[in-house]
Amino acid sequence: MVDWRNPPRLFIPGPVLVKDDVLQQLARPALGHRAKEYAQLQQETVDLLKKVLFTNQYVFLSTSSASGIWEACIRNCVRPDETVLATCCGAFSDKWADVVRDCGRNVDVLKVEWGKPVTAEMIDQKLCSGKYAAITLVYSETSTGLINPVYEIAEMMKTKYPDVLVFVDAVSAMVGMPLHFDRLGWDAAFASVQKCFALPPGFAVAVVSQRALDKSKTVPGRGYYFNFELWAEAAEKHQTLVTPSIPHIYGLRYQAEKLVNEGMENVWKRHRQMADYVRTWAKANFALFCEERYASNTLTTIKNTRAIKVADVISAVQKKHNTVFGNGYKKLKDVTFRIAHMGDISLPEVKELIGWIEDEIK
């Protein structure tokens, strides 16, 4: 019987499992969000996040999902007479292109088949026209478990198109895979905290370049809630523009400190080890949905080559072990399934889940 009071352990691609020690941080006493104590909390949190993300640029805290930052990038940094190149390789990159249109901006779509990457060469062929002010990229496409070669794309962009703004959805990549923001030369990168930060949903982290902020000052109709210029003014006082979810920030500071202490190379290695284990199992028993060199280290999308009844297996694992993994997303439902291995999920926990899945598919 379904009971929200006894929720299953989550190995879906977000939200993921939140450990008890993290949940305890969210229960700390309330702070006045204009008080000195809060300013201290935000400053410490942002300083830690800058180390995690290898940046000296702005790190903004947003009480929203990362989907809000899709809109923020466009409304702040693209004028109505400019055109965006939206790269699309799955459900979420497709949706970002829709958001560009919904914001009243011009958009051209560079679309590839789900499970295939968008390459630097493809982007180069589009940008050489000189018509684009900005480009949208997804680092890790959560619907397909694919990563785009963002470091290769960044090098090409810096060399050939340094004036084009680069906005990157890093929702299921940030923390779990390398992200050296300043070296990459991006103008925005953002993530929801329910993925690799392993916090409850409802909050986002956004890194924004000085160049993006400067551009925003020339763009009309930026709105209020996601206004980068107003965010930056508030950040100078170690505050947010509007009342933030302070419990999330307690948890975020705690998680960011753990990441810094572990060392980001070790964090990435831990995620890669879990991914390698799941991919090895998937190749032996099914198949990977995307080419392995483009497979994410934070979740694996597995092609259902054995035509198992995915929903039935998920239901059985939940009933017996109060644990769930993910079905395929939208048009990939039942023809694929997804296993998350990000955040505070551990390799022994992943092995345990795989064993339970094996019990149901023998």
# chains A, B, ... in the order shown; residues from 1 in each chain; ligands from 1
$ residues_around --residues "segment 265-279 of chain A" --least-positions-apart "6" --cutoff "12 Å" --atoms "only C-alpha atoms" --output "PyMOL selection string"
chain A and resi 52-54+145+172-180+196-197+255-256+258-259+285-303+338-355+357
$ write_last_selection --atoms "C-alpha atoms" --output "short mmCIF file (atom, residue, chain, number, x, y, z; two decimals), in the first residue's frame"
data_model
loop_
_atom_site.label_atom_id
_atom_site.label_comp_id
_atom_site.auth_asym_id
_atom_site.auth_seq_id
_atom_site.Cartn_x
_atom_site.Cartn_y
_atom_site.Cartn_z
CA VAL A 52 33.28 22.80 -5.78
CA LEU A 53 32.65 24.46 -9.16
CA PHE A 54 36.11 25.96 -9.71
CA GLY A 145 21.73 9.04 -19.68
CA SER A 172 22.42 15.71 -13.52
CA ALA A 173 26.11 16.51 -14.00
CA MET A 174 27.06 19.19 -11.48
CA VAL A 175 29.15 17.66 -8.66
CA GLY A 176 29.00 14.14 -10.14
CA MET A 177 31.23 14.96 -13.13
CA PRO A 178 33.99 17.51 -13.78
CA LEU A 179 32.82 21.10 -14.07
CA HIS A 180 35.57 23.73 -14.10
CA CYS A 196 24.14 15.07 -7.17
CA PHE A 197 23.88 17.43 -4.19
CA GLN A 255 26.90 18.99 1.53
CA ALA A 256 29.30 21.48 -0.06
CA LYS A 258 31.63 17.46 2.65
CA LEU A 259 32.48 17.71 -1.05
CA ASN A 285 22.56 -8.56 -19.21
CA PHE A 286 20.99 -5.98 -21.54
CA ALA A 287 22.67 -3.13 -23.49
CA LEU A 288 23.49 0.50 -22.95
CA PHE A 289 21.12 2.95 -24.58
CA CYS A 290 23.88 5.31 -25.71
CA GLU A 291 27.45 4.73 -26.81
CA GLU A 292 29.55 4.05 -23.73
CA ARG A 293 31.99 6.91 -24.25
CA TYR A 294 29.02 9.28 -24.00
CA ALA A 295 27.42 7.56 -21.00
CA SER A 296 26.80 9.63 -17.91
CA ASN A 297 28.55 8.83 -14.64
CA THR A 298 25.50 9.86 -12.60
CA LEU A 299 22.80 7.67 -14.13
CA THR A 300 22.65 4.80 -16.59
CA THR A 301 19.92 4.30 -19.16
CA ILE A 302 19.68 0.62 -20.05
CA LYS A 303 18.14 -0.70 -23.25
CA ARG A 338 17.26 4.03 -15.59
CA ILE A 339 19.38 3.55 -12.49
CA ALA A 340 20.76 6.55 -10.63
CA HIS A 341 24.20 6.41 -9.03
CA MET A 342 24.75 9.93 -7.83
CA GLY A 343 24.93 12.06 -4.72
CA ASP A 344 25.28 10.11 -1.50
CA ILE A 345 24.36 6.78 -3.06
CA SER A 346 27.20 4.31 -2.43
CA LEU A 347 28.63 1.45 -4.47
CA PRO A 348 27.45 -1.19 -1.94
CA GLU A 349 23.91 0.23 -2.23
CA VAL A 350 24.10 0.07 -6.03
CA LYS A 351 25.27 -3.54 -5.88
CA GLU A 352 22.41 -4.38 -3.53
CA LEU A 353 19.87 -2.84 -5.90
CA ILE A 354 21.31 -4.71 -8.89
CA GLY A 355 21.03 -7.94 -6.95
CA ILE A 357 16.71 -6.53 -9.92
#
$ residues_around --residues "segment 322-337 of chain A" --least-positions-apart "5" --cutoff "8 Å" --atoms "only C-alpha atoms" --output "list in words"
Pro7, Pro8, Arg9, Leu10, Phe11, Ile12, Pro13, Ala91, Ser143, Thr144, Phe289, Thr301, Ile302, Lys303, Asn304, Thr305, Ala307, Lys309, Val310, Ala311, Ile314, Ser315, Val317 and Leu353 of chain A
$ closest_atom_pairs --of "segment 155-213 of chain A" --to "segment 96-112 of chain A" --cutoff "12 Å" --atoms "only C-alpha atoms" --output "Markdown table"
| residue | atom | partner | partner_atom | distance |
| --- | --- | --- | --- | --- |
| A:Phe167 | CA | A:Trp96 | CA | 10.7 |
| A:Val168 | CA | A:Trp96 | CA | 10.5 |
| A:Asp169 | CA | A:Trp96 | CA | 9.0 |
$ atom_distance --atom1 "atom CA of Lys320 of chain A" --atom2 "atom CA of Gln194 of chain A"
25.1 Å
$ atom_distance --atom1 "atom CA of Pro201 of chain A" --atom2 "atom CA of Ser64 of chain A"
8.7 Å
$ residues_around --residues "segment 190-193 of chain A" --least-positions-apart "4" --cutoff "10 Å" --atoms "only C-alpha atoms" --output "PyMOL selection string"
chain A and resi 14-16+59-70+167-175+197-208+248+251-252+343
$ atom_distance --atom1 "atom CA of Val313 of chain A" --atom2 "atom CA of Ile361 of chain A"
7.5 Å
$ select_by_dssp --residues "segment 33-125 of chain A" --states "helix (DSSP H, G or I)" --output "ChimeraX atom specification"
/A:36-53,67-77,91-102,120-125
$ write_last_selection --atoms "N, CA and C atoms" --output "compact mmCIF listing (two decimals), in the first residue's frame"
# COMPACT_ATOMS: atom_id res chain seq x y z
N LYS A 36 22.15 39.14 10.12
CA LYS A 36 23.57 38.91 9.94
C LYS A 36 23.90 37.40 9.95
N GLU A 37 23.15 36.66 10.75
CA GLU A 37 23.40 35.22 10.83
C GLU A 37 23.13 34.55 9.48
N TYR A 38 22.07 35.00 8.82
CA TYR A 38 21.79 34.43 7.50
C TYR A 38 22.89 34.83 6.51
N ALA A 39 23.30 36.09 6.52
CA ALA A 39 24.35 36.54 5.60
C ALA A 39 25.62 35.70 5.77
N GLN A 40 25.93 35.37 7.02
CA GLN A 40 27.09 34.52 7.28
C GLN A 40 26.90 33.14 6.65
N LEU A 41 25.70 32.58 6.82
CA LEU A 41 25.39 31.26 6.25
C LEU A 41 25.52 31.28 4.73
N GLN A 42 24.95 32.29 4.08
CA GLN A 42 25.00 32.34 2.63
C GLN A 42 26.43 32.52 2.14
N GLN A 43 27.18 33.41 2.79
CA GLN A 43 28.56 33.64 2.35
C GLN A 43 29.38 32.35 2.45
N GLU A 44 29.24 31.64 3.56
CA GLU A 44 30.00 30.39 3.72
C GLU A 44 29.58 29.38 2.65
N THR A 45 28.28 29.30 2.38
CA THR A 45 27.78 28.35 1.39
C THR A 45 28.31 28.67 0.00
N VAL A 46 28.24 29.93 -0.38
CA VAL A 46 28.70 30.34 -1.71
C VAL A 46 30.20 30.14 -1.84
N ASP A 47 30.95 30.46 -0.80
CA ASP A 47 32.41 30.28 -0.87
C ASP A 47 32.77 28.80 -1.07
N LEU A 48 32.04 27.92 -0.41
CA LEU A 48 32.29 26.48 -0.59
C LEU A 48 31.91 26.04 -2.00
N LEU A 49 30.78 26.54 -2.51
CA LEU A 49 30.34 26.17 -3.85
C LEU A 49 31.33 26.65 -4.91
N LYS A 50 31.94 27.77 -4.70
CA LYS A 50 32.95 28.25 -5.66
C LYS A 50 34.12 27.28 -5.75
N LYS A 51 34.46 26.66 -4.63
CA LYS A 51 35.53 25.66 -4.66
C LYS A 51 35.06 24.40 -5.37
N VAL A 52 33.82 23.99 -5.13
CA VAL A 52 33.28 22.80 -5.78
C VAL A 52 33.21 22.97 -7.29
N LEU A 53 32.90 24.20 -7.74
CA LEU A 53 32.65 24.46 -9.16
C LEU A 53 33.81 25.17 -9.84
N SER A 67 14.61 24.42 -13.76
CA SER A 67 13.84 24.86 -14.92
C SER A 67 13.66 26.37 -14.92
N GLY A 68 13.62 26.96 -13.73
CA GLY A 68 13.52 28.41 -13.66
C GLY A 68 14.75 29.10 -14.23
N ILE A 69 15.90 28.45 -14.13
CA ILE A 69 17.13 29.06 -14.65
C ILE A 69 17.17 28.95 -16.17
N TRP A 70 16.49 27.95 -16.75
CA TRP A 70 16.32 27.96 -18.21
C TRP A 70 15.77 29.33 -18.64
N GLU A 71 14.69 29.70 -17.99
CA GLU A 71 14.03 30.96 -18.34
C GLU A 71 14.90 32.16 -17.99
N ALA A 72 15.57 32.09 -16.85
CA ALA A 72 16.40 33.21 -16.42
C ALA A 72 17.50 33.53 -17.43
N CYS A 73 18.16 32.50 -17.94
CA CYS A 73 19.23 32.73 -18.92
C CYS A 73 18.71 33.48 -20.13
N ILE A 74 17.54 33.07 -20.61
CA ILE A 74 17.01 33.67 -21.84
C ILE A 74 16.49 35.08 -21.59
N ARG A 75 15.70 35.26 -20.55
CA ARG A 75 15.10 36.58 -20.31
C ARG A 75 16.13 37.62 -19.90
N ASN A 76 17.21 37.19 -19.27
CA ASN A 76 18.24 38.13 -18.84
C ASN A 76 19.26 38.45 -19.92
N CYS A 77 19.56 37.48 -20.78
CA CYS A 77 20.78 37.61 -21.59
C CYS A 77 20.55 37.59 -23.10
N ALA A 91 14.70 14.79 -23.94
CA ALA A 91 13.48 15.46 -23.50
C ALA A 91 13.75 16.82 -22.86
N PHE A 92 14.80 16.93 -22.06
CA PHE A 92 15.00 18.16 -21.31
C PHE A 92 15.66 19.24 -22.16
N SER A 93 16.56 18.86 -23.04
CA SER A 93 17.11 19.85 -23.98
C SER A 93 16.03 20.31 -24.96
N ASP A 94 15.12 19.41 -25.33
CA ASP A 94 13.98 19.81 -26.17
C ASP A 94 13.12 20.83 -25.44
N LYS A 95 12.85 20.59 -24.16
CA LYS A 95 12.00 21.49 -23.39
C LYS A 95 12.63 22.88 -23.25
N TRP A 96 13.97 22.92 -23.12
CA TRP A 96 14.63 24.22 -23.02
C TRP A 96 14.42 25.03 -24.30
N ALA A 97 14.45 24.37 -25.44
CA ALA A 97 14.16 25.07 -26.69
C ALA A 97 12.75 25.64 -26.67
N ASP A 98 11.80 24.88 -26.12
CA ASP A 98 10.43 25.39 -25.99
C ASP A 98 10.38 26.62 -25.10
N VAL A 99 11.17 26.61 -24.03
CA VAL A 99 11.20 27.74 -23.12
C VAL A 99 11.72 29.00 -23.82
N VAL A 100 12.72 28.82 -24.67
CA VAL A 100 13.24 29.97 -25.43
C VAL A 100 12.10 30.61 -26.24
N ARG A 101 11.31 29.78 -26.90
CA ARG A 101 10.16 30.28 -27.68
C ARG A 101 9.13 30.94 -26.77
N ASP A 102 8.88 30.31 -25.63
CA ASP A 102 7.89 30.85 -24.71
C ASP A 102 8.32 32.20 -24.13
N ALA A 120 31.08 19.13 -31.17
CA ALA A 120 31.64 20.44 -31.48
C ALA A 120 31.55 20.74 -32.97
N GLU A 121 31.74 19.71 -33.79
CA GLU A 121 31.68 19.91 -35.25
C GLU A 121 30.28 20.32 -35.69
N MET A 122 29.27 19.70 -35.13
CA MET A 122 27.89 20.07 -35.47
C MET A 122 27.59 21.52 -35.10
N ILE A 123 28.04 21.90 -33.92
CA ILE A 123 27.79 23.27 -33.46
C ILE A 123 28.55 24.26 -34.31
N ASP A 124 29.78 23.93 -34.65
CA ASP A 124 30.60 24.80 -35.50
C ASP A 124 29.90 25.08 -36.83
N GLN A 125 29.30 24.04 -37.40
CA GLN A 125 28.62 24.19 -38.69
C GLN A 125 27.44 25.15 -38.61
